[in-house]
file structure24.txt (compact mmCIF, C-alpha atoms (C1' of nucleotides))
# COMPACT_ATOMS: atom_id res chain seq x y z
CA MET J 1 1.59 30.91 -5.34
CA LYS J 2 -0.34 34.13 -5.73
CA ILE J 3 -4.10 34.27 -5.86
CA SER J 4 -3.91 35.71 -9.35
CA GLU J 5 -2.10 32.56 -10.47
CA ILE J 6 -4.75 30.37 -8.93
CA ARG J 7 -7.37 32.49 -10.63
CA ASN J 8 -5.65 31.96 -13.97
CA LYS J 9 -5.44 28.22 -13.52
CA LEU J 10 -9.19 28.10 -12.98
CA ILE J 11 -9.88 30.30 -16.00
CA GLU J 12 -7.58 28.21 -18.20
CA LYS J 13 -9.66 25.18 -17.37
CA GLY J 14 -12.90 27.01 -18.08
CA LEU J 15 -13.94 26.87 -14.44
CA LYS J 16 -15.77 29.74 -12.83
CA VAL J 17 -13.64 31.60 -10.35
CA THR J 18 -15.30 31.46 -6.95
CA PRO J 19 -14.00 32.36 -3.50
CA GLN J 20 -14.54 28.75 -2.43
CA ARG J 21 -12.41 27.36 -5.23
CA ILE J 22 -9.66 29.86 -4.59
CA ALA J 23 -9.69 29.14 -0.87
CA ILE J 24 -9.56 25.39 -1.38
CA LEU J 25 -6.79 25.43 -3.97
CA GLU J 26 -4.85 27.84 -1.81
CA ALA J 27 -5.30 25.56 1.19
CA ILE J 28 -4.00 22.49 -0.64
CA ILE J 29 -0.95 24.41 -1.81
CA LYS J 30 -0.26 25.91 1.61
CA LEU J 31 -0.87 22.71 3.58
CA ASN J 32 1.35 21.01 1.02
CA ASN J 33 1.53 17.65 2.63
CA HIS J 34 -1.24 15.72 0.99
CA PRO J 35 -4.06 16.99 3.17
CA THR J 36 -7.30 15.10 3.64
CA ALA J 37 -10.64 16.74 2.94
CA GLU J 38 -10.94 17.22 6.68
CA ASN J 39 -7.58 19.00 6.88
CA ILE J 40 -8.68 21.31 4.11
CA ILE J 41 -12.02 22.03 5.76
CA ASP J 42 -10.35 22.86 9.07
CA TYR J 43 -7.92 25.17 7.35
CA ILE J 44 -10.36 27.17 5.30
CA ARG J 45 -12.97 27.45 8.02
CA ASN J 46 -10.72 30.04 9.69
CA ASN J 47 -11.27 32.49 6.89
CA HIS J 48 -14.44 31.08 5.38
CA PRO J 49 -16.59 29.87 8.27
CA ASN J 50 -19.65 29.33 6.11
CA ILE J 51 -18.26 26.93 3.59
CA ALA J 52 -20.26 23.70 3.35
CA THR J 53 -18.64 20.32 3.63
CA ALA J 54 -20.36 19.15 0.46
CA THR J 55 -18.95 22.16 -1.35
CA VAL J 56 -15.42 21.17 -0.42
CA TYR J 57 -15.95 17.71 -1.84
CA LYS J 58 -17.57 19.10 -4.96
CA VAL J 59 -14.73 21.54 -5.51
CA LEU J 60 -12.09 18.88 -4.90
CA ASP J 61 -13.77 16.67 -7.43
CA ALA J 62 -13.91 19.47 -9.99
CA LEU J 63 -10.23 20.23 -9.43
CA VAL J 64 -9.28 16.58 -9.88
CA VAL J 65 -11.37 16.22 -13.04
CA ASN J 66 -9.76 19.35 -14.45
CA GLU J 67 -6.29 18.18 -13.49
CA LEU J 68 -5.45 20.97 -11.11
CA ILE J 69 -4.87 18.56 -8.23
CA LYS J 70 -4.42 14.82 -7.85
CA LYS J 71 -5.84 12.22 -5.52
CA VAL J 72 -3.45 10.15 -3.44
CA LYS J 73 -4.50 7.06 -1.55
CA THR J 74 -2.71 4.76 0.84
CA GLU J 75 -3.58 1.35 2.13
CA ARG J 76 -4.91 2.55 5.40
CA ASP J 77 -6.62 5.91 5.24
CA VAL J 78 -8.95 8.28 3.52
CA MET J 79 -8.47 10.13 0.27
CA ARG J 80 -5.77 12.79 0.25
CA TYR J 81 -5.00 15.55 -2.24
CA ASP J 82 -1.87 16.86 -3.88
CA ALA J 83 -1.41 20.13 -5.75
CA VAL J 84 1.87 19.03 -7.30
CA MET J 85 0.99 18.09 -10.87
CA GLU J 86 4.52 17.54 -12.13
CA ASN J 87 5.15 13.84 -12.59
CA HIS J 88 6.41 12.42 -9.33
CA HIS J 89 6.34 9.42 -7.01
CA HIS J 90 5.52 9.05 -3.35
CA LEU J 91 7.38 7.99 -0.25
CA TYR J 92 5.07 6.32 2.26
CA CYS J 93 6.02 5.89 5.89
CA SER J 94 5.40 2.31 6.98
CA GLU J 95 4.67 3.44 10.53
CA SER J 96 2.62 6.60 10.13
CA ASN J 97 0.44 8.40 7.64
CA ARG J 98 3.24 10.58 6.41
CA ILE J 99 3.58 10.86 2.64
CA GLU J 100 6.24 12.85 0.79
CA ASP J 101 6.63 13.66 -2.86
CA PHE J 102 9.62 12.13 -4.56
CA PHE J 103 11.08 13.53 -7.77
CA ASP J 104 13.74 11.70 -9.72
CA LYS J 105 14.19 12.47 -13.38
CA GLU J 106 16.94 9.91 -13.84
CA LEU J 107 14.72 7.20 -12.40
CA ASN J 108 11.85 8.18 -14.68
CA GLU J 109 14.12 8.01 -17.69
CA MET J 110 15.43 4.62 -16.68
CA ILE J 111 11.93 3.23 -16.26
CA ASP J 112 10.70 4.75 -19.52
CA LYS J 113 13.64 3.26 -21.35
CA TYR J 114 13.06 -0.11 -19.71
CA PHE J 115 9.45 -0.30 -20.84
CA GLU J 116 10.29 0.93 -24.33
CA ASN J 117 12.48 -2.11 -24.79
CA LYS J 118 10.32 -4.55 -22.91
CA LYS J 119 6.66 -4.00 -23.60
CA ILE J 120 4.01 -5.51 -21.35
CA PRO J 121 1.92 -7.87 -23.53
CA ASP J 122 -1.54 -6.56 -24.37
CA PHE J 123 -1.11 -3.43 -22.31
CA LYS J 124 -0.51 0.15 -23.37
CA ILE J 125 1.30 2.04 -20.62
CA GLU J 126 0.13 5.57 -19.91
CA ASP J 127 1.89 6.25 -16.65
CA VAL J 128 4.13 4.55 -14.11
CA LYS J 129 4.10 5.56 -10.47
CA LEU J 130 6.33 4.28 -7.70
CA GLN J 131 5.11 3.74 -4.19
CA VAL J 132 8.25 3.68 -2.09
CA ILE J 133 7.50 2.33 1.36
CA GLY J 134 9.94 2.71 4.22
CA LYS J 135 10.99 4.77 7.19
CA PHE J 136 11.83 8.45 7.41
CA LEU J 137 15.04 9.00 9.37
CA LYS J 138 14.14 12.52 10.42
CA ASP J 139 10.93 13.66 12.01
CA ASN J 140 10.07 16.36 9.54
CA GLU J 141 11.21 17.36 6.14
CA MET C 1 -5.04 -24.58 -4.09
CA LYS C 2 -6.36 -27.40 -1.94
CA ILE C 3 -8.17 -26.81 1.31
CA SER C 4 -5.45 -28.70 3.14
CA GLU C 5 -2.94 -26.14 1.92
CA ILE C 6 -5.11 -23.29 3.12
CA ARG C 7 -5.45 -25.05 6.43
CA ASN C 8 -1.68 -25.34 6.71
CA LYS C 9 -1.19 -21.67 5.94
CA LEU C 10 -3.48 -20.75 8.79
CA ILE C 11 -1.76 -23.13 11.18
CA GLU C 12 1.68 -21.82 10.24
CA LYS C 13 0.57 -18.37 11.26
CA GLY C 14 -0.87 -19.62 14.50
CA LEU C 15 -4.41 -18.84 13.45
CA LYS C 16 -7.27 -21.07 14.41
CA VAL C 17 -8.68 -22.97 11.47
CA THR C 18 -12.33 -22.07 11.06
CA PRO C 19 -14.75 -22.78 8.23
CA GLN C 20 -15.16 -19.01 7.74
CA ARG C 21 -11.45 -18.42 7.30
CA ILE C 22 -11.12 -21.31 4.90
CA ALA C 23 -14.10 -20.12 2.86
CA ILE C 24 -12.81 -16.56 2.66
CA LEU C 25 -9.26 -17.48 1.72
CA GLU C 26 -10.59 -19.92 -0.83
CA ALA C 27 -12.85 -17.22 -2.27
CA ILE C 28 -10.01 -14.73 -2.69
CA ILE C 29 -7.89 -17.34 -4.43
CA LYS C 30 -10.74 -18.50 -6.68
CA LEU C 31 -12.01 -15.03 -7.54
CA ASN C 32 -8.38 -14.16 -8.21
CA ASN C 33 -8.91 -10.72 -9.56
CA HIS C 34 -8.53 -8.52 -6.53
CA PRO C 35 -12.06 -8.90 -5.20
CA THR C 36 -13.69 -6.38 -2.92
CA ALA C 37 -15.15 -7.40 0.44
CA GLU C 38 -18.54 -7.33 -1.26
CA ASN C 39 -17.38 -9.69 -4.03
CA ILE C 40 -16.11 -12.07 -1.38
CA ILE C 41 -19.33 -11.91 0.62
CA ASP C 42 -21.43 -12.62 -2.47
CA TYR C 43 -19.24 -15.55 -3.37
CA ILE C 44 -19.18 -17.29 -0.03
CA ARG C 45 -22.86 -16.72 0.73
CA ASN C 46 -23.63 -19.46 -1.79
CA ASN C 47 -22.09 -22.11 0.39
CA HIS C 48 -22.12 -20.33 3.74
CA PRO C 49 -25.37 -18.38 3.94
CA ASN C 50 -24.99 -17.57 7.61
CA ILE C 51 -21.66 -15.82 7.55
CA ALA C 52 -21.82 -12.33 9.03
CA THR C 53 -20.56 -9.29 7.17
CA ALA C 54 -18.53 -8.21 10.17
CA THR C 55 -16.88 -11.62 10.26
CA VAL C 56 -15.71 -11.21 6.69
CA TYR C 57 -14.06 -7.92 7.55
CA LYS C 58 -12.54 -9.35 10.70
CA VAL C 59 -11.17 -12.36 8.85
CA LEU C 60 -9.80 -10.20 6.03
CA ASP C 61 -8.07 -8.03 8.58
CA ALA C 62 -6.59 -11.05 10.34
CA LEU C 63 -5.34 -12.45 7.03
CA VAL C 64 -3.72 -9.13 6.12
CA VAL C 65 -2.06 -8.77 9.52
CA ASN C 66 -0.72 -12.30 9.24
CA GLU C 67 0.48 -11.73 5.71
CA LEU C 68 -1.66 -14.31 4.00
CA ILE C 69 -3.26 -11.73 1.74
CA LYS C 70 -2.56 -8.11 0.78
CA LYS C 71 -4.67 -5.03 0.45
CA VAL C 72 -4.76 -3.26 -2.89
CA LYS C 73 -6.19 0.18 -3.31
CA THR C 74 -6.87 2.34 -6.32
CA GLU C 75 -7.67 5.99 -6.59
CA ARG C 76 -11.34 5.51 -7.10
CA ASP C 77 -12.79 2.62 -5.21
CA VAL C 78 -12.98 0.57 -2.09
CA MET C 79 -10.42 -1.75 -0.63
CA ARG C 80 -9.60 -4.86 -2.61
CA TYR C 81 -7.71 -8.02 -1.67
CA ASP C 82 -5.00 -10.12 -3.27
CA ALA C 83 -3.89 -13.61 -2.32
CA VAL C 84 -0.67 -13.38 -4.33
CA MET C 85 2.04 -12.73 -1.76
CA GLU C 86 5.04 -13.05 -4.04
CA ASN C 87 6.49 -9.59 -4.66
CA HIS C 88 4.74 -8.05 -7.62
CA HIS C 89 3.36 -4.86 -9.12
CA HIS C 90 -0.04 -3.95 -10.48
CA LEU C 91 -1.45 -2.91 -13.84
CA TYR C 92 -4.40 -0.56 -13.43
CA CYS C 93 -6.84 0.08 -16.25
CA SER C 94 -7.37 3.81 -16.67
CA GLU C 95 -10.92 3.23 -17.89
CA SER C 96 -12.29 0.52 -15.63
CA ASN C 97 -11.68 -1.09 -12.28
CA ARG C 98 -9.65 -3.90 -13.72
CA ILE C 99 -6.39 -4.66 -11.94
CA GLU C 100 -3.88 -7.32 -12.94
CA ASP C 101 -0.80 -8.59 -11.20
CA PHE C 102 2.48 -7.87 -12.91
CA PHE C 103 5.63 -9.86 -12.24
CA ASP C 104 9.02 -8.80 -13.58
CA LYS C 105 12.14 -10.03 -11.85
CA GLU C 106 14.46 -8.13 -14.16
CA LEU C 107 12.62 -4.90 -13.38
CA ASN C 108 12.85 -5.53 -9.66
CA GLU C 109 16.56 -6.14 -9.91
CA MET C 110 17.08 -2.97 -11.92
CA ILE C 111 15.17 -0.89 -9.38
CA ASP C 112 16.94 -2.47 -6.42
CA LYS C 113 20.29 -1.78 -8.01
CA TYR C 114 19.28 1.79 -8.78
CA PHE C 115 18.37 2.56 -5.19
CA GLU C 116 21.47 0.82 -3.86
CA ASN C 117 23.59 3.30 -5.76
CA LYS C 118 21.38 6.31 -5.25
CA LYS C 119 19.92 6.44 -1.78
CA ILE C 120 16.98 8.67 -0.97
CA PRO C 121 18.16 11.15 1.70
CA ASP C 122 16.80 10.48 5.18
CA PHE C 123 14.70 7.56 4.03
CA LYS C 124 15.21 3.84 4.51
CA ILE C 125 13.50 1.92 1.73
CA GLU C 126 11.64 -1.23 2.70
CA ASP C 127 9.70 -1.91 -0.47
CA VAL C 128 9.06 -0.42 -3.89
CA LYS C 129 5.82 -1.02 -5.75
CA LEU C 130 4.93 0.09 -9.25
CA GLN C 131 1.50 1.24 -10.23
CA VAL C 132 1.40 0.91 -13.99
CA ILE C 133 -1.59 2.76 -15.38
CA GLY C 134 -2.80 2.23 -18.93
CA LYS C 135 -5.14 0.34 -21.20
CA PHE C 136 -5.60 -3.38 -21.64
CA LEU C 137 -5.68 -4.30 -25.32
CA LYS C 138 -7.71 -7.46 -24.79
CA ASP C 139 -10.93 -7.77 -22.87
CA ASN C 140 -9.87 -10.53 -20.56
CA GLU C 141 -6.66 -12.18 -19.61
C1' DT I 1 -13.99 -34.05 27.80
C1' DT I 2 -13.13 -30.09 29.75
C1' DT I 3 -11.60 -25.53 29.52
C1' DC I 4 -11.05 -21.07 27.76
C1' DA I 5 -8.92 -17.88 24.72
C1' DA I 6 -10.14 -16.74 20.44
C1' DA I 7 -13.59 -16.46 16.78
C1' DT I 8 -18.22 -15.61 15.10
C1' DG I 9 -22.95 -13.56 14.63
C1' DA I 10 -26.20 -9.95 14.94
C1' DT I 11 -26.83 -5.48 14.98
C1' DA I 12 -25.96 -0.83 16.06
C1' DG I 13 -22.74 2.79 15.25
C1' DT I 14 -19.31 5.64 12.74
C1' DC I 15 -17.72 8.60 9.48
C1' DA I 16 -16.06 9.89 4.87
C1' DT I 17 -18.36 10.96 1.01
C1' DT I 18 -22.48 11.85 -1.95
C1' DC I 19 -27.21 13.29 -2.98
C1' DT I 20 -31.03 16.40 -3.23
C1' DC I 21 -32.87 20.45 -3.87
C1' DC I 22 -33.22 25.10 -3.25
C1' DT I 23 -30.70 29.57 -3.37
C1' DA I 24 -26.91 32.46 -4.77
C1' DT I 25 -23.59 34.12 -7.88
C1' DA I 26 -20.08 34.40 -11.81
C1' DA I 27 -19.78 35.33 -16.50
C1' DT I 28 -21.76 36.90 -20.61
C1' DA I 29 -24.55 39.86 -23.34
C1' DA I 30 -27.69 43.69 -23.98
C1' DT Y 1 -24.88 48.72 -15.51
C1' DT Y 2 -28.27 45.58 -15.45
C1' DA Y 3 -30.47 41.34 -17.00
C1' DT Y 4 -30.01 36.58 -17.96
C1' DT Y 5 -28.75 31.99 -17.20
C1' DA Y 6 -25.87 28.25 -16.52
C1' DT Y 7 -23.10 26.95 -13.02
C1' DA Y 8 -21.81 26.75 -8.22
C1' DG Y 9 -22.71 26.66 -3.32
C1' DG Y 10 -25.36 25.73 1.16
C1' DA Y 11 -27.78 22.75 4.35
C1' DG Y 12 -28.85 18.69 5.87
C1' DA Y 13 -30.31 14.05 4.91
C1' DA Y 14 -28.78 9.79 2.93
C1' DT Y 15 -25.46 6.28 1.64
C1' DG Y 16 -22.44 2.68 2.27
C1' DA Y 17 -18.03 0.75 3.51
C1' DC Y 18 -16.26 -0.46 7.49
C1' DT Y 19 -15.93 -0.96 12.81
C1' DA Y 20 -17.47 -1.64 17.56
C1' DT Y 21 -19.93 -4.13 20.92
C1' DC Y 22 -21.12 -7.94 23.27
C1' DA Y 23 -23.34 -12.22 23.88
C1' DT Y 24 -22.68 -16.87 22.08
C1' DT Y 25 -20.03 -20.46 20.00
C1' DT Y 26 -16.09 -23.20 18.92
C1' DG Y 27 -11.21 -24.81 17.92
C1' DA Y 28 -7.63 -26.93 20.03
C1' DA Y 29 -4.59 -27.57 24.03
C1' DA Y 30 -4.47 -30.00 28.30
call {"tool": "encode", "arguments": {"input": "structure24.txt", "output": "structure tokens"}}
result
Amino acid sequence: MKISEIRNKLIEKGLKVTPQRIAILEAIIKLNNHPTAENIIDYIRNNHPNIATATVYKVLDALVVNELIKKVKTERDVMRYDAVMENHHHLYCSESNRIEDFFDKELNEMIDKYFENKKIPDFKIEDVKLQVIGKFLKDNE
Amino acid sequence: MKISEIRNKLIEKGLKVTPQRIAILEAIIKLNNHPTAENIIDYIRNNHPNIATATVYKVLDALVVNELIKKVKTERDVMRYDAVMENHHHLYCSESNRIEDFFDKELNEMIDKYFENKKIPDFKIEDVKLQVIGKFLKDNE
DNA sequence: TTTCAAATGATAGTCATTCTCCTATAATAA
DNA sequence: TTATTATAGGAGAATGACTATCATTTGAAA
């Protein structure tokens, strides 16, 4: 993703375009495996040594509120971030902290259809996410 | 659930039966809506004023490791605990911290069948959990 | 009842995240 | 282009959930 695209995303959301926001969004996209705030800080410090930790958290929060990134959380570690906004699920490794995105349109359609026919009493569904826990059979994607 | 049942659960897992463990397990079952460690501490302090905070965390950890309770986590708050071990999913309120258990055998069977036919490449599934996000139409269950 | 591994209590420590408050800077308008 | 101002960022302290440490206690096996 080009910087001009990142810039446009910020403008679309009515957010001021700052070097910090560009650097952080860029980092999440480049790191692309659900980085933690710490991962992001390490990454951007190379090019932006003076960025404050609090700023990173403030920017991440602004990006989440404005739906440019999402938060992902597991049962055992800190908050992580994901720049993929398209509806998707997650594969969680049961032995490590690895998380991968999982896209499956057919599955989504099946689940949507299921809940259309069988409503949950007194509950209005907005979104359904799968957490698929298991083992990766190869070390890296 | 009677205390004798709780006692038996601990013994089955080879855990020593202590008043602290009984009180904490009892609290999670009684509170029954995914309490936080703080909720649990508040609850048991009534009858067990001398229980240490660290003990609560240690006991919770032991119970999770021994599969007597589960951890539940949302995108916005601290760790919560659930005494329901039967396989189930969760309904998350998009506007509050409310979480409810959701059981649906038919759904589980459909999902199992789906993944039997359509494997995820290089991934061995151990468990699939749904996070159903939406709004509750009544204030309390 | 004795023995001792395991559990608890008290408290300090850790560390991710947030708060405070002051300064700097994007975006808009003159 | 400069002035204006709301918004954003920087620095460091504070917060708070959780963990570590270690001395003391206690369940339960022998």
call {"tool": "atom_distance", "arguments": {"input": "structure24.txt", "atom1": "CA of Leu60 in chain C", "atom2": "CA of Asn97 in chain C"}}
result
20.5 Å
call {"tool": "interface_residues", "arguments": {"input": "structure24.txt", "of": "chain C", "to": "chain J", "cutoff": "7 Å", "atoms": "only C-alpha atoms", "output": "list in words"}}
result
Lys71, Val72, Lys73, Glu75, Asp122, Phe123, Lys124, Ile125, Glu126, Asp127, Val128, Lys129, Leu130, Gln131, Val132, Ile133, Gly134, Lys135, Phe136, Leu137 and Lys138 of chain C
call {"tool": "interface_residues", "arguments": {"input": "structure24.txt", "of": "chain J", "to": "chain Y", "cutoff": "12 Å", "atoms": "only C-alpha atoms (C1' of nucleotides)", "output": "number ranges by chain"}}
result
J: 14-21, 50-59, 62, 76-78
call {"tool": "closest_atom_pairs", "arguments": {"input": "structure24.txt", "of": "chain I", "to": "chain J", "cutoff": "8 Å", "atoms": "only C-alpha atoms (C1' of nucleotides)", "output": "Markdown table"}}
result
| residue | atom | partner | partner_atom | distance |
| --- | --- | --- | --- | --- |
| I:DA16 | C1' | J:Val78 | CA | 7.4 |
| I:DT17 | C1' | J:Tyr57 | CA | 7.7 |
| I:DT18 | C1' | J:Ala54 | CA | 8.0 |
| I:DA26 | C1' | J:Lys16 | CA | 6.4 |
| I:DA27 | C1' | J:Lys16 | CA | 7.8 |
call {"tool": "calpha_fit_and_write", "arguments": {"input": "structure24.txt", "fixed": "chain J", "moving": "chain C", "output": "tab-separated table (two decimals) with C-alpha atoms, keeping the file's coordinate frame"}}
result
chain	number	residue	atom	x	y	z
C	1	MET	CA	1.63	30.89	-5.10
C	2	LYS	CA	-0.30	34.13	-5.49
C	3	ILE	CA	-4.06	34.24	-5.68
C	4	SER	CA	-3.82	35.72	-9.15
C	5	GLU	CA	-2.01	32.59	-10.28
C	6	ILE	CA	-4.68	30.38	-8.79
C	7	ARG	CA	-7.28	32.49	-10.51
C	8	ASN	CA	-5.51	32.04	-13.83
C	9	LYS	CA	-5.33	28.29	-13.39
C	10	LEU	CA	-9.06	28.14	-12.92
C	11	ILE	CA	-9.71	30.36	-15.93
C	12	GLU	CA	-7.41	28.29	-18.13
C	13	LYS	CA	-9.50	25.25	-17.35
C	14	GLY	CA	-12.71	27.09	-18.05
C	15	LEU	CA	-13.80	26.94	-14.44
C	16	LYS	CA	-15.65	29.79	-12.84
C	17	VAL	CA	-13.55	31.63	-10.30
C	18	THR	CA	-15.27	31.45	-6.93
C	19	PRO	CA	-14.01	32.35	-3.47
C	20	GLN	CA	-14.54	28.71	-2.42
C	21	ARG	CA	-12.38	27.34	-5.20
C	22	ILE	CA	-9.65	29.85	-4.52
C	23	ALA	CA	-9.71	29.09	-0.79
C	24	ILE	CA	-9.57	25.34	-1.34
C	25	LEU	CA	-6.77	25.42	-3.90
C	26	GLU	CA	-4.86	27.81	-1.70
C	27	ALA	CA	-5.34	25.49	1.28
C	28	ILE	CA	-4.01	22.45	-0.56
C	29	ILE	CA	-0.96	24.39	-1.69
C	30	LYS	CA	-0.33	25.87	1.76
C	31	LEU	CA	-0.94	22.66	3.69
C	32	ASN	CA	1.33	21.01	1.13
C	33	ASN	CA	1.51	17.63	2.71
C	34	HIS	CA	-1.24	15.71	1.01
C	35	PRO	CA	-4.10	16.93	3.18
C	36	THR	CA	-7.33	15.04	3.60
C	37	ALA	CA	-10.69	16.66	2.88
C	38	GLU	CA	-11.03	17.11	6.63
C	39	ASN	CA	-7.67	18.90	6.89
C	40	ILE	CA	-8.76	21.22	4.12
C	41	ILE	CA	-12.12	21.92	5.74
C	42	ASP	CA	-10.49	22.73	9.07
C	43	TYR	CA	-8.04	25.05	7.39
C	44	ILE	CA	-10.46	27.07	5.33
C	45	ARG	CA	-13.10	27.33	8.05
C	46	ASN	CA	-10.87	29.91	9.74
C	47	ASN	CA	-11.38	32.39	6.96
C	48	HIS	CA	-14.54	31.00	5.38
C	49	PRO	CA	-16.76	29.78	8.21
C	50	ASN	CA	-19.78	29.29	6.00
C	51	ILE	CA	-18.35	26.90	3.47
C	52	ALA	CA	-20.35	23.68	3.21
C	53	THR	CA	-18.73	20.28	3.52
C	54	ALA	CA	-20.40	19.12	0.33
C	55	THR	CA	-18.96	22.11	-1.49
C	56	VAL	CA	-15.46	21.12	-0.48
C	57	TYR	CA	-15.97	17.67	-1.94
C	58	LYS	CA	-17.53	19.07	-5.07
C	59	VAL	CA	-14.70	21.54	-5.57
C	60	LEU	CA	-12.06	18.87	-4.93
C	61	ASP	CA	-13.72	16.66	-7.49
C	62	ALA	CA	-13.84	19.48	-10.03
C	63	LEU	CA	-10.16	20.26	-9.45
C	64	VAL	CA	-9.21	16.61	-9.91
C	65	VAL	CA	-11.26	16.26	-13.09
C	66	ASN	CA	-9.65	19.40	-14.47
C	67	GLU	CA	-6.20	18.25	-13.49
C	68	LEU	CA	-5.37	21.02	-11.09
C	69	ILE	CA	-4.81	18.60	-8.23
C	70	LYS	CA	-4.35	14.84	-7.87
C	71	LYS	CA	-5.76	12.23	-5.57
C	72	VAL	CA	-3.36	10.19	-3.48
C	73	LYS	CA	-4.41	7.09	-1.66
C	74	THR	CA	-2.67	4.82	0.79
C	75	GLU	CA	-3.56	1.40	2.03
C	76	ARG	CA	-4.93	2.56	5.30
C	77	ASP	CA	-6.70	5.86	5.15
C	78	VAL	CA	-9.00	8.21	3.38
C	79	MET	CA	-8.45	10.09	0.18
C	80	ARG	CA	-5.78	12.76	0.21
C	81	TYR	CA	-4.98	15.55	-2.24
C	82	ASP	CA	-1.84	16.88	-3.88
C	83	ALA	CA	-1.38	20.15	-5.73
C	84	VAL	CA	1.91	19.08	-7.30
C	85	MET	CA	1.04	18.15	-10.87
C	86	GLU	CA	4.55	17.63	-12.17
C	87	ASN	CA	5.14	13.90	-12.63
C	88	HIS	CA	6.41	12.46	-9.39
C	89	HIS	CA	6.34	9.48	-7.06
C	90	HIS	CA	5.54	9.14	-3.39
C	91	LEU	CA	7.42	8.08	-0.27
C	92	TYR	CA	5.10	6.43	2.24
C	93	CYS	CA	6.08	6.01	5.87
C	94	SER	CA	5.43	2.45	6.98
C	95	GLU	CA	4.73	3.61	10.53
C	96	SER	CA	2.66	6.75	10.13
C	97	ASN	CA	0.49	8.53	7.62
C	98	ARG	CA	3.29	10.71	6.38
C	99	ILE	CA	3.63	10.97	2.61
C	100	GLU	CA	6.27	12.96	0.75
C	101	ASP	CA	6.65	13.74	-2.91
C	102	PHE	CA	9.63	12.21	-4.63
C	103	PHE	CA	11.08	13.57	-7.85
C	104	ASP	CA	13.74	11.72	-9.82
C	105	LYS	CA	14.14	12.46	-13.50
C	106	GLU	CA	16.90	9.91	-13.96
C	107	LEU	CA	14.67	7.21	-12.47
C	108	ASN	CA	11.81	8.15	-14.75
C	109	GLU	CA	14.05	7.97	-17.77
C	110	MET	CA	15.38	4.57	-16.75
C	111	ILE	CA	11.87	3.19	-16.29
C	112	ASP	CA	10.62	4.67	-19.55
C	113	LYS	CA	13.54	3.16	-21.40
C	114	TYR	CA	12.97	-0.19	-19.72
C	115	PHE	CA	9.36	-0.40	-20.82
C	116	GLU	CA	10.18	0.80	-24.32
C	117	ASN	CA	12.38	-2.23	-24.77
C	118	LYS	CA	10.23	-4.66	-22.85
C	119	LYS	CA	6.56	-4.15	-23.50
C	120	ILE	CA	3.93	-5.64	-21.23
C	121	PRO	CA	1.83	-8.03	-23.36
C	122	ASP	CA	-1.64	-6.75	-24.19
C	123	PHE	CA	-1.20	-3.59	-22.16
C	124	LYS	CA	-0.62	-0.03	-23.28
C	125	ILE	CA	1.19	1.91	-20.58
C	126	GLU	CA	0.03	5.45	-19.93
C	127	ASP	CA	1.81	6.19	-16.67
C	128	VAL	CA	4.05	4.52	-14.12
C	129	LYS	CA	4.05	5.58	-10.48
C	130	LEU	CA	6.30	4.32	-7.72
C	131	GLN	CA	5.12	3.80	-4.20
C	132	VAL	CA	8.28	3.76	-2.12
C	133	ILE	CA	7.54	2.43	1.34
C	134	GLY	CA	9.98	2.83	4.21
C	135	LYS	CA	11.03	4.92	7.17
C	136	PHE	CA	11.88	8.59	7.35
C	137	LEU	CA	15.09	9.13	9.30
C	138	LYS	CA	14.22	12.67	10.33
C	139	ASP	CA	11.01	13.82	11.94
C	140	ASN	CA	10.17	16.53	9.48
C	141	GLU	CA	11.35	17.58	6.10
call {"tool": "decode", "arguments": {"input": "structure24.txt", "residues": "range 126-132 of chain C", "atoms": "N, CA, C and O atoms", "output": "mmCIF file, in the first residue's frame"}}
result
data_model
loop_
_atom_site.group_PDB
_atom_site.id
_atom_site.type_symbol
_atom_site.label_atom_id
_atom_site.label_comp_id
_atom_site.auth_asym_id
_atom_site.auth_seq_id
_atom_site.Cartn_x
_atom_site.Cartn_y
_atom_site.Cartn_z
ATOM 1 N N GLU C 126 -8.252 -28.034 16.133
ATOM 2 C CA GLU C 126 -8.525 -28.692 17.408
ATOM 3 C C GLU C 126 -9.865 -28.239 17.981
ATOM 4 O O GLU C 126 -10.532 -28.996 18.674
ATOM 5 N N ASP C 127 -10.213 -26.995 17.713
ATOM 6 C CA ASP C 127 -11.446 -26.472 18.298
ATOM 7 C C ASP C 127 -11.894 -25.245 17.499
ATOM 8 O O ASP C 127 -11.070 -24.511 16.970
ATOM 9 N N VAL C 128 -13.195 -25.063 17.443
ATOM 10 C CA VAL C 128 -13.731 -23.875 16.764
ATOM 11 C C VAL C 128 -14.717 -23.185 17.703
ATOM 12 O O VAL C 128 -15.643 -23.810 18.210
ATOM 13 N N LYS C 129 -14.454 -21.914 17.954
ATOM 14 C CA LYS C 129 -15.338 -21.152 18.848
ATOM 15 C C LYS C 129 -15.940 -19.983 18.083
ATOM 16 O O LYS C 129 -15.249 -19.322 17.311
ATOM 17 N N LEU C 130 -17.215 -19.727 18.329
ATOM 18 C CA LEU C 130 -17.842 -18.563 17.710
ATOM 19 C C LEU C 130 -17.930 -17.418 18.701
ATOM 20 O O LEU C 130 -18.307 -17.610 19.854
ATOM 21 N N GLN C 131 -17.587 -16.247 18.222
ATOM 22 C CA GLN C 131 -17.849 -15.029 18.972
ATOM 23 C C GLN C 131 -18.991 -14.348 18.244
ATOM 24 O O GLN C 131 -18.799 -13.843 17.142
ATOM 25 N N VAL C 132 -20.149 -14.350 18.852
ATOM 26 C CA VAL C 132 -21.313 -13.740 18.220
ATOM 27 C C VAL C 132 -21.518 -12.366 18.858
ATOM 28 O O VAL C 132 -21.795 -12.278 20.059
#
